[in-house]
2 protein chains.
Amino acid sequence: MSRRAVQSRIARTAESLFVAKGFEETTVDEIAAAVGMSQRSFFRYFASKDEVVLDSLARLGEDMAERLTERPRDEPEWDSLRRSFDPIVERYTDPGHREHDAALQRIVECSPRLFAAYLGRLDRLQRTLADRLVARAADRTGCEPDALLLRATVGGAFACLHATMLHAVADPEAFARCLDRTMAALRPAAA
Amino acid sequence: MSRRAVQSRIARTAESLFVAKGFEETTVDEIAAAVGMSQRSFFRYFASKDEVVLDSLARLGEDMAERLTERPRDEPEWDSLRRSFDPIVERYTDPGHREHDAALQRIVECSPRLFAAYLGRLDRLQRTLADRLVARAADRTGCEPDALLLRATVGGAFACLHATMLHAVADPEAFARCLDRTMAALRPAAA
DNA sequence: GCAATGATTGACAGTCGCTGACACTTACGG
DNA sequence: CCGTAAGTGTCAGCGACTGTCAATCATTGC
């Protein structure tokens, strides 16, 4: 059984426990027992209890970073960022994932500790995307781009995404429309 | 001795230890011993080890929220938000606080766990400010304002602030100038 | 001046997340 | 058949944090 498959099995078991009892109230001993392994082995597959939940987000982040690199060099940064959010939009509209992802989002939002860890991941992702935009701009213009401004631009786009995600829990259908509207309203004049 | 004074004494002692050894490497047993109290009493003054560092930020957040409520109702939200950031700008330029705050910022940024908790606080502060802007807009226009857009606007402004803070560690003098420049560039057209 | 009262504290035990060390078992290649 | 590598369980331990209880200390009312 591959490592990935075991991780997936642990994650599925853990998430059902989290939904049933809450994240903080679920012990990793309980998770390990439910999966049928020792606590020690649990930590061989996940570095922390947080990561069980945040792991799927990490993969989504990789997708987003990949989308960004696929965008044309001379596209306005704001549009490239909007396109890099497409994987999330797709997950929200895909009925196969929507229900599961909504449950995950509820788990994250209900635990301040986990939510903070989630924000930390988001921040790291923003750094990654901003770095790529800096490299892209340097490649295109040949001179040193404004890293601060690009970092803030990425932050602004993620603010739109974050606000929309918190807003659209009730109405997943409207996600893409809300995101587009918000990003249109916050679009920087220079980009 | 007042509760506040004890907290301040603990915070000062802890911060010097954090600077010397790092946040993760400093035990709350060590902090308690350095202050001259039991570990149990430490947790009577601070709910967690994180809070020792993040407490001063919480007070700064209250200042910011207060500044926002003092702004005129019909001022563009973006400008009100910029003004609510003034307490931070003042702290960066005040030579009495600058050195200490820079040390605190370094501590926070060096510990991913602490940094995530910091982001969590920032997010809660954004919710507070956004709620006030929603109430303000409702009070002014008489009809239901666009809460999603206001939340995203606050997020965008904080993205400018966050990016500037990470950027200006090297050059605190330029903080206000960088913040103004970034916020001018990301200013929403409609606000 | 004293006793009742309430707040503050220390000591202790315990939970939970997480880590290191070691022994064991299984699978695979020589 | 042996050696090696990978995966696992067990145990011991650390550090953050909590509940409990008894002792202490200051305050208030008499």
# chains A, B, ... in the order shown; residues from 1 in each chain; ligands from 1
call {"tool": "residues_around", "arguments": {"residues": "Arg44 (chain B)", "least_positions_apart": "4", "cutoff": "10 Å", "atoms": "only C-alpha atoms (C1' of nucleotides)", "output": "PyMOL selection string"}}
result
(chain B and resi 3+7+39-40+48) or (chain C and resi 8-9)
call {"tool": "write_last_selection", "arguments": {"atoms": "all heavy atoms", "output": "short mmCIF file (atom, residue, chain, number, x, y, z; two decimals), in the first residue's frame"}}
result
data_model
loop_
_atom_site.label_atom_id
_atom_site.label_comp_id
_atom_site.auth_asym_id
_atom_site.auth_seq_id
_atom_site.Cartn_x
_atom_site.Cartn_y
_atom_site.Cartn_z
N ARG B 3 -2.95 43.62 37.88
CA ARG B 3 -2.84 42.53 36.91
C ARG B 3 -2.06 42.96 35.68
O ARG B 3 -1.17 42.25 35.20
CB ARG B 3 -4.25 42.11 36.51
CG ARG B 3 -4.28 41.06 35.43
CD ARG B 3 -5.70 40.64 35.14
NE ARG B 3 -5.72 39.67 34.05
CZ ARG B 3 -5.50 38.38 34.22
NH1 ARG B 3 -5.25 37.92 35.42
NH2 ARG B 3 -5.53 37.55 33.19
N GLN B 7 1.39 41.42 34.11
CA GLN B 7 1.47 41.00 32.71
C GLN B 7 2.63 41.68 32.00
O GLN B 7 3.37 41.06 31.25
CB GLN B 7 0.16 41.32 32.01
CG GLN B 7 -0.98 40.36 32.32
CD GLN B 7 -2.27 40.73 31.63
OE1 GLN B 7 -2.54 41.91 31.42
NE2 GLN B 7 -3.06 39.74 31.28
N GLN B 39 4.70 27.97 37.08
CA GLN B 39 4.16 27.87 35.73
C GLN B 39 2.65 28.07 35.74
O GLN B 39 2.09 28.72 34.85
CB GLN B 39 4.50 26.49 35.16
CG GLN B 39 4.24 26.37 33.68
CD GLN B 39 3.81 24.97 33.30
OE1 GLN B 39 2.92 24.37 33.94
NE2 GLN B 39 4.43 24.43 32.26
N ARG B 40 2.00 27.54 36.77
CA ARG B 40 0.56 27.66 36.86
C ARG B 40 0.12 29.12 36.92
O ARG B 40 -0.88 29.51 36.31
CB ARG B 40 0.06 26.94 38.12
CG ARG B 40 -1.42 26.73 38.14
CD ARG B 40 -1.79 25.82 37.00
NE ARG B 40 -3.23 25.69 36.82
CZ ARG B 40 -3.97 26.54 36.13
NH1 ARG B 40 -3.40 27.60 35.60
NH2 ARG B 40 -5.25 26.36 35.97
N SER B 48 -1.96 31.64 26.87
CA SER B 48 -1.03 30.77 26.17
C SER B 48 0.31 31.48 26.04
O SER B 48 0.41 32.69 26.28
CB SER B 48 -1.57 30.41 24.79
OG SER B 48 -1.53 31.55 23.96
P DT C 8 -7.39 38.29 41.89
OP1 DT C 8 -6.94 39.57 41.30
OP2 DT C 8 -8.19 37.32 41.11
"O5'" DT C 8 -6.12 37.55 42.47
"C5'" DT C 8 -5.34 38.18 43.49
"C4'" DT C 8 -4.22 37.25 43.92
"O4'" DT C 8 -4.74 36.23 44.79
"C3'" DT C 8 -3.54 36.50 42.76
"O3'" DT C 8 -2.15 36.77 42.81
"C2'" DT C 8 -3.87 35.04 43.01
"C1'" DT C 8 -4.10 35.01 44.51
N1 DT C 8 -5.01 33.92 44.98
C2 DT C 8 -4.60 33.11 45.99
O2 DT C 8 -3.52 33.22 46.55
N3 DT C 8 -5.51 32.14 46.37
C4 DT C 8 -6.77 31.92 45.82
O4 DT C 8 -7.49 31.03 46.23
C5 DT C 8 -7.13 32.81 44.75
C7 DT C 8 -8.46 32.67 44.08
C6 DT C 8 -6.25 33.77 44.39
P DT C 9 -1.16 36.17 41.70
OP1 DT C 9 0.01 37.08 41.60
OP2 DT C 9 -1.96 35.83 40.51
"O5'" DT C 9 -0.66 34.82 42.38
"C5'" DT C 9 0.01 34.88 43.63
"C4'" DT C 9 0.19 33.49 44.20
"O4'" DT C 9 -1.11 32.92 44.45
"C3'" DT C 9 0.87 32.49 43.27
"O3'" DT C 9 2.24 32.40 43.60
"C2'" DT C 9 0.13 31.16 43.55
"C1'" DT C 9 -0.93 31.53 44.56
N1 DT C 9 -2.25 30.89 44.32
C2 DT C 9 -2.66 29.84 45.11
O2 DT C 9 -1.97 29.38 46.00
N3 DT C 9 -3.90 29.34 44.80
C4 DT C 9 -4.76 29.78 43.80
O4 DT C 9 -5.84 29.25 43.62
C5 DT C 9 -4.27 30.87 43.01
C7 DT C 9 -5.13 31.43 41.90
C6 DT C 9 -3.06 31.38 43.30
#
call {"tool": "interface_residues", "arguments": {"of": "chain B", "to": "chain A", "cutoff": "8 Å", "atoms": "only C-alpha atoms", "output": "CSV table (one decimal) with C-alpha atoms, in the first residue's frame"}}
result
chain,number,residue,atom,x,y,z
B,112,PRO,CA,5.8,29.7,12.0
B,113,ARG,CA,3.5,28.7,14.7
B,115,PHE,CA,3.3,33.8,12.9
B,116,ALA,CA,0.2,31.8,12.1
B,117,ALA,CA,-1.4,32.8,15.4
B,118,TYR,CA,-0.5,36.4,14.5
B,119,LEU,CA,-2.3,36.0,11.2
B,120,GLY,CA,-5.3,34.7,13.0
B,148,LEU,CA,-18.6,40.9,0.8
B,149,LEU,CA,-17.1,43.9,-1.0
B,151,ARG,CA,-14.7,42.6,3.7
B,152,ALA,CA,-12.6,42.3,0.6
B,153,THR,CA,-11.7,46.0,0.8
B,155,GLY,CA,-8.6,42.6,3.3
B,156,GLY,CA,-7.0,44.5,0.5
B,157,ALA,CA,-6.0,47.3,2.8
B,159,ALA,CA,-2.6,43.2,2.4
B,160,CYS,CA,-1.0,46.5,1.7
B,162,HIS,CA,1.1,43.3,5.7
B,163,ALA,CA,3.3,43.6,2.6
B,164,THR,CA,4.7,46.9,3.8
B,167,HIS,CA,9.2,44.9,3.4
B,182,THR,CA,1.2,50.7,-2.0
B,185,ALA,CA,-1.6,51.6,-6.2
B,186,LEU,CA,-4.2,49.1,-4.9
B,187,ARG,CA,-6.9,51.7,-4.3
B,188,PRO,CA,-10.2,50.4,-5.5
B,189,ALA,CA,-11.7,52.5,-8.2
B,190,ALA,CA,-15.1,52.7,-6.5
call {"tool": "atom_distance", "arguments": {"atom1": "CA of Val52 (chain B)", "atom2": "C1' of DT19 (chain C)"}}
result
25.6 Å
call {"tool": "interface_residues", "arguments": {"of": "chain D", "to": "chain A", "cutoff": "12 Å", "atoms": "only C-alpha atoms (C1' of nucleotides)", "output": "PyMOL selection string"}}
result
chain D and resi 6-11
call {"tool": "write_last_selection", "arguments": {"atoms": "C-alpha atoms (C1' of nucleotides)", "output": "PDB file, in the first residue's frame"}}
result
ATOM      1  C1'  DA D   6      11.534  -0.106   4.954  1.00  0.00           C
ATOM      2  C1'  DG D   7       7.559  -0.031   7.991  1.00  0.00           C
ATOM      3  C1'  DT D   8       5.770  -0.715  12.489  1.00  0.00           C
ATOM      4  C1'  DG D   9       4.831  -1.047  17.744  1.00  0.00           C
ATOM      5  C1'  DT D  10       6.398   0.064  22.297  1.00  0.00           C
ATOM      6  C1'  DC D  11       8.166   2.868  25.588  1.00  0.00           C
TER       7       DC D  11
END
call {"tool": "atom_distance", "arguments": {"atom1": "CA of Pro95 (chain B)", "atom2": "CA of Ile107 (chain B)"}}
result
19.0 Å
call {"tool": "residues_around", "arguments": {"residues": "region 13-22 of chain B", "least_positions_apart": "6", "cutoff": "9 Å", "atoms": "only C-alpha atoms (C1' of nucleotides)", "output": "PDB file with N, CA, C and O atoms, in the first residue's frame"}}
result
ATOM      1  N   VAL B  28       8.002  27.803  28.977  1.00  0.00           N
ATOM      2  CA  VAL B  28       7.259  28.665  29.892  1.00  0.00           C
ATOM      3  C   VAL B  28       7.705  28.398  31.324  1.00  0.00           C
ATOM      4  O   VAL B  28       7.583  29.295  32.177  1.00  0.00           O
ATOM      5  N   GLU B  30      10.803  28.217  32.097  1.00  0.00           N
ATOM      6  CA  GLU B  30      11.910  29.167  32.203  1.00  0.00           C
ATOM      7  C   GLU B  30      11.399  30.586  32.424  1.00  0.00           C
ATOM      8  O   GLU B  30      11.929  31.334  33.250  1.00  0.00           O
ATOM      9  N   ILE B  31      10.372  30.952  31.658  1.00  0.00           N
ATOM     10  CA  ILE B  31       9.810  32.293  31.819  1.00  0.00           C
ATOM     11  C   ILE B  31       9.306  32.484  33.243  1.00  0.00           C
ATOM     12  O   ILE B  31       9.634  33.473  33.910  1.00  0.00           O
ATOM     13  N   ALA B  32       8.521  31.493  33.699  1.00  0.00           N
ATOM     14  CA  ALA B  32       7.954  31.595  35.040  1.00  0.00           C
ATOM     15  C   ALA B  32       9.055  31.698  36.089  1.00  0.00           C
ATOM     16  O   ALA B  32       8.979  32.527  37.009  1.00  0.00           O
ATOM     17  N   ALA B  34      12.088  32.820  35.644  1.00  0.00           N
ATOM     18  CA  ALA B  34      12.759  34.114  35.514  1.00  0.00           C
ATOM     19  C   ALA B  34      11.935  35.224  36.157  1.00  0.00           C
ATOM     20  O   ALA B  34      12.482  36.170  36.732  1.00  0.00           O
ATOM     21  N   VAL B  35      10.624  35.123  36.034  1.00  0.00           N
ATOM     22  CA  VAL B  35       9.760  36.123  36.659  1.00  0.00           C
ATOM     23  C   VAL B  35       9.682  35.891  38.165  1.00  0.00           C
ATOM     24  O   VAL B  35       9.511  36.829  38.950  1.00  0.00           O
ATOM     25  N   VAL B  52       1.691  36.080  25.109  1.00  0.00           N
ATOM     26  CA  VAL B  52       2.673  36.993  25.680  1.00  0.00           C
ATOM     27  C   VAL B  52       3.180  37.949  24.598  1.00  0.00           C
ATOM     28  O   VAL B  52       3.354  39.140  24.821  1.00  0.00           O
ATOM     29  N   VAL B  53       3.392  37.402  23.432  1.00  0.00           N
ATOM     30  CA  VAL B  53       3.909  38.221  22.336  1.00  0.00           C
ATOM     31  C   VAL B  53       2.778  38.983  21.637  1.00  0.00           C
ATOM     32  O   VAL B  53       2.922  40.145  21.269  1.00  0.00           O
ATOM     33  N   ALA B 103      12.048  44.021  17.325  1.00  0.00           N
ATOM     34  CA  ALA B 103      12.443  42.757  17.946  1.00  0.00           C
ATOM     35  C   ALA B 103      11.256  41.807  18.017  1.00  0.00           C
ATOM     36  O   ALA B 103      11.365  40.619  17.693  1.00  0.00           O
ATOM     37  N   LEU B 104      10.104  42.337  18.422  1.00  0.00           N
ATOM     38  CA  LEU B 104       8.891  41.533  18.506  1.00  0.00           C
ATOM     39  C   LEU B 104       8.523  40.963  17.142  1.00  0.00           C
ATOM     40  O   LEU B 104       8.179  39.777  17.018  1.00  0.00           O
ATOM     41  N   ARG B 106      10.450  40.390  14.679  1.00  0.00           N
ATOM     42  CA  ARG B 106      11.406  39.347  14.299  1.00  0.00           C
ATOM     43  C   ARG B 106      11.071  38.029  14.992  1.00  0.00           C
ATOM     44  O   ARG B 106      11.132  36.951  14.397  1.00  0.00           O
ATOM     45  N   ILE B 107      10.696  38.118  16.264  1.00  0.00           N
ATOM     46  CA  ILE B 107      10.314  36.912  16.997  1.00  0.00           C
ATOM     47  C   ILE B 107       9.131  36.232  16.321  1.00  0.00           C
ATOM     48  O   ILE B 107       9.113  35.018  16.120  1.00  0.00           O
ATOM     49  N   CYS B 110       9.976  34.580  12.967  1.00  0.00           N
ATOM     50  CA  CYS B 110      10.897  33.449  13.026  1.00  0.00           C
ATOM     51  C   CYS B 110      10.210  32.167  13.456  1.00  0.00           C
ATOM     52  O   CYS B 110      10.752  31.071  13.265  1.00  0.00           O
ATOM     53  N   SER B 111       9.052  32.262  14.046  1.00  0.00           N
ATOM     54  CA  SER B 111       8.338  31.068  14.489  1.00  0.00           C
ATOM     55  C   SER B 111       7.059  30.891  13.673  1.00  0.00           C
ATOM     56  O   SER B 111       6.125  31.669  13.812  1.00  0.00           O
TER      57      SER B 111
END
call {"tool": "atom_distance", "arguments": {"atom1": "CA of Asp180 (chain B)", "atom2": "CA of Arg98 (chain B)"}}
result
19.1 Å
call {"tool": "residues_around", "arguments": {"residues": "DG19 (chain D)", "least_positions_apart": "2", "cutoff": "10 Å", "atoms": "only C-alpha atoms (C1' of nucleotides)", "output": "ChimeraX atom specification"}}
result
/C:13-14 /D:21
call {"tool": "write_last_selection", "arguments": {"atoms": "all heavy atoms", "output": "mmCIF file, in the first residue's frame"}}
result
data_model
loop_
_atom_site.group_PDB
_atom_site.id
_atom_site.type_symbol
_atom_site.label_atom_id
_atom_site.label_comp_id
_atom_site.auth_asym_id
_atom_site.auth_seq_id
_atom_site.Cartn_x
_atom_site.Cartn_y
_atom_site.Cartn_z
ATOM 1 P P DA C 13 1.837 14.125 42.526
ATOM 2 O OP1 DA C 13 1.989 13.008 43.484
ATOM 3 O OP2 DA C 13 2.970 14.526 41.655
ATOM 4 O "O5'" DA C 13 0.576 13.821 41.593
ATOM 5 C "C5'" DA C 13 -0.747 14.098 42.068
ATOM 6 C "C4'" DA C 13 -1.712 14.125 40.892
ATOM 7 O "O4'" DA C 13 -1.678 15.422 40.250
ATOM 8 C "C3'" DA C 13 -1.397 13.092 39.799
ATOM 9 O "O3'" DA C 13 -2.588 12.479 39.358
ATOM 10 C "C2'" DA C 13 -0.757 13.931 38.700
ATOM 11 C "C1'" DA C 13 -1.521 15.248 38.859
ATOM 12 N N9 DA C 13 -0.811 16.407 38.323
ATOM 13 C C8 DA C 13 0.495 16.736 38.483
ATOM 14 N N7 DA C 13 0.850 17.849 37.886
ATOM 15 C C5 DA C 13 -0.323 18.279 37.280
ATOM 16 C C6 DA C 13 -0.627 19.394 36.490
ATOM 17 N N6 DA C 13 0.265 20.321 36.157
ATOM 18 N N1 DA C 13 -1.900 19.522 36.049
ATOM 19 C C2 DA C 13 -2.799 18.580 36.383
ATOM 20 N N3 DA C 13 -2.632 17.489 37.118
ATOM 21 C C4 DA C 13 -1.356 17.396 37.542
ATOM 22 P P DG C 14 -2.514 11.163 38.441
ATOM 23 O OP1 DG C 14 -3.453 10.183 39.034
ATOM 24 O OP2 DG C 14 -1.082 10.816 38.209
ATOM 25 O "O5'" DG C 14 -3.136 11.654 37.056
ATOM 26 C "C5'" DG C 14 -4.326 12.450 37.063
ATOM 27 C "C4'" DG C 14 -4.460 13.195 35.756
ATOM 28 O "O4'" DG C 14 -3.589 14.346 35.756
ATOM 29 C "C3'" DG C 14 -4.074 12.368 34.520
ATOM 30 O "O3'" DG C 14 -5.166 12.315 33.620
ATOM 31 C "C2'" DG C 14 -2.899 13.106 33.924
ATOM 32 C "C1'" DG C 14 -3.109 14.523 34.436
ATOM 33 N N9 DG C 14 -1.877 15.299 34.460
ATOM 34 C C8 DG C 14 -0.701 14.977 35.091
ATOM 35 N N7 DG C 14 0.236 15.863 34.906
ATOM 36 C C5 DG C 14 -0.362 16.826 34.102
ATOM 37 C C6 DG C 14 0.154 18.022 33.563
ATOM 38 O O6 DG C 14 1.295 18.502 33.693
ATOM 39 N N1 DG C 14 -0.797 18.694 32.797
ATOM 40 C C2 DG C 14 -2.071 18.271 32.577
ATOM 41 N N2 DG C 14 -2.848 19.038 31.809
ATOM 42 N N3 DG C 14 -2.576 17.154 33.078
ATOM 43 C C4 DG C 14 -1.672 16.483 33.817
ATOM 44 P P DC D 21 -11.165 19.117 44.351
ATOM 45 O OP1 DC D 21 -11.802 17.821 44.593
ATOM 46 O OP2 DC D 21 -11.962 20.339 44.175
ATOM 47 O "O5'" DC D 21 -10.120 19.394 45.535
ATOM 48 C "C5'" DC D 21 -8.910 18.672 45.562
ATOM 49 C "C4'" DC D 21 -7.877 19.417 46.375
ATOM 50 O "O4'" DC D 21 -7.199 20.383 45.533
ATOM 51 C "C3'" DC D 21 -8.459 20.216 47.558
ATOM 52 O "O3'" DC D 21 -7.733 19.931 48.735
ATOM 53 C "C2'" DC D 21 -8.288 21.669 47.119
ATOM 54 C "C1'" DC D 21 -7.026 21.567 46.273
ATOM 55 N N1 DC D 21 -6.856 22.695 45.312
ATOM 56 C C2 DC D 21 -5.581 23.280 45.136
ATOM 57 O O2 DC D 21 -4.640 22.838 45.786
ATOM 58 N N3 DC D 21 -5.449 24.307 44.266
ATOM 59 C C4 DC D 21 -6.508 24.754 43.589
ATOM 60 N N4 DC D 21 -6.330 25.760 42.740
ATOM 61 C C5 DC D 21 -7.809 24.181 43.754
ATOM 62 C C6 DC D 21 -7.934 23.160 44.618
#
call {"tool": "select_by_dssp", "arguments": {"residues": "region 21-173 of chain B", "states": "alpha helix (DSSP H)", "output": "PyMOL selection string"}}
result
chain B and resi 21+28-35+39-45+49-70+77-84+86-93+95-110+112-141+147-167
call {"tool": "interface_residues", "arguments": {"of": "chain C", "to": "chain A", "cutoff": "9 Å", "atoms": "only C-alpha atoms (C1' of nucleotides)", "output": "PyMOL selection string"}}
result
chain C and resi 16-18
call {"tool": "write_last_selection", "arguments": {"atoms": "all heavy atoms", "output": "mmCIF file, in the first residue's frame"}}
result
data_model
loop_
_atom_site.group_PDB
_atom_site.id
_atom_site.type_symbol
_atom_site.label_atom_id
_atom_site.label_comp_id
_atom_site.auth_asym_id
_atom_site.auth_seq_id
_atom_site.Cartn_x
_atom_site.Cartn_y
_atom_site.Cartn_z
ATOM 1 P P DC C 16 -6.812 13.321 26.388
ATOM 2 O OP1 DC C 16 -8.222 13.517 25.989
ATOM 3 O OP2 DC C 16 -6.228 11.962 26.502
ATOM 4 O "O5'" DC C 16 -5.897 14.148 25.390
ATOM 5 C "C5'" DC C 16 -6.033 15.560 25.345
ATOM 6 C "C4'" DC C 16 -4.891 16.154 24.545
ATOM 7 O "O4'" DC C 16 -3.721 16.262 25.393
ATOM 8 C "C3'" DC C 16 -4.467 15.299 23.342
ATOM 9 O "O3'" DC C 16 -4.418 16.111 22.188
ATOM 10 C "C2'" DC C 16 -3.087 14.778 23.737
ATOM 11 C "C1'" DC C 16 -2.590 15.876 24.670
ATOM 12 N N1 DC C 16 -1.524 15.438 25.609
ATOM 13 C C2 DC C 16 -0.398 16.235 25.817
ATOM 14 O O2 DC C 16 -0.309 17.303 25.216
ATOM 15 N N3 DC C 16 0.550 15.823 26.674
ATOM 16 C C4 DC C 16 0.420 14.659 27.311
ATOM 17 N N4 DC C 16 1.381 14.292 28.159
ATOM 18 C C5 DC C 16 -0.720 13.822 27.117
ATOM 19 C C6 DC C 16 -1.661 14.237 26.259
ATOM 20 P P DG C 17 -4.212 15.437 20.712
ATOM 21 O OP1 DG C 17 -5.313 15.915 19.861
ATOM 22 O OP2 DG C 17 -3.953 13.986 20.852
ATOM 23 O "O5'" DG C 17 -2.877 16.141 20.240
ATOM 24 C "C5'" DG C 17 -2.794 17.551 20.209
ATOM 25 C "C4'" DG C 17 -1.345 17.965 20.033
ATOM 26 O "O4'" DG C 17 -0.592 17.541 21.190
ATOM 27 C "C3'" DG C 17 -0.649 17.343 18.823
ATOM 28 O "O3'" DG C 17 0.131 18.344 18.191
ATOM 29 C "C2'" DG C 17 0.228 16.262 19.437
ATOM 30 C "C1'" DG C 17 0.567 16.837 20.794
ATOM 31 N N9 DG C 17 0.836 15.831 21.820
ATOM 32 C C8 DG C 17 0.039 14.775 22.161
ATOM 33 N N7 DG C 17 0.536 14.044 23.114
ATOM 34 C C5 DG C 17 1.730 14.653 23.426
ATOM 35 C C6 DG C 17 2.718 14.306 24.392
ATOM 36 O O6 DG C 17 2.735 13.358 25.182
ATOM 37 N N1 DG C 17 3.793 15.197 24.375
ATOM 38 C C2 DG C 17 3.894 16.283 23.545
ATOM 39 N N2 DG C 17 5.005 17.032 23.674
ATOM 40 N N3 DG C 17 2.983 16.622 22.644
ATOM 41 C C4 DG C 17 1.935 15.766 22.641
ATOM 42 P P DC C 18 0.757 18.021 16.701
ATOM 43 O OP1 DC C 18 1.064 19.306 16.039
ATOM 44 O OP2 DC C 18 -0.068 17.016 16.036
ATOM 45 O "O5'" DC C 18 2.158 17.366 17.105
ATOM 46 C "C5'" DC C 18 3.059 18.137 17.897
ATOM 47 C "C4'" DC C 18 4.223 17.286 18.323
ATOM 48 O "O4'" DC C 18 3.838 16.383 19.369
ATOM 49 C "C3'" DC C 18 4.848 16.383 17.241
ATOM 50 O "O3'" DC C 18 6.088 16.966 16.848
ATOM 51 C "C2'" DC C 18 5.031 15.039 17.926
ATOM 52 C "C1'" DC C 18 4.807 15.368 19.399
ATOM 53 N N1 DC C 18 4.320 14.236 20.234
ATOM 54 C C2 DC C 18 5.086 13.786 21.306
ATOM 55 O O2 DC C 18 6.165 14.332 21.538
ATOM 56 N N3 DC C 18 4.638 12.768 22.060
ATOM 57 C C4 DC C 18 3.469 12.190 21.793
ATOM 58 N N4 DC C 18 3.062 11.194 22.575
ATOM 59 C C5 DC C 18 2.660 12.630 20.697
ATOM 60 C C6 DC C 18 3.116 13.644 19.950
#
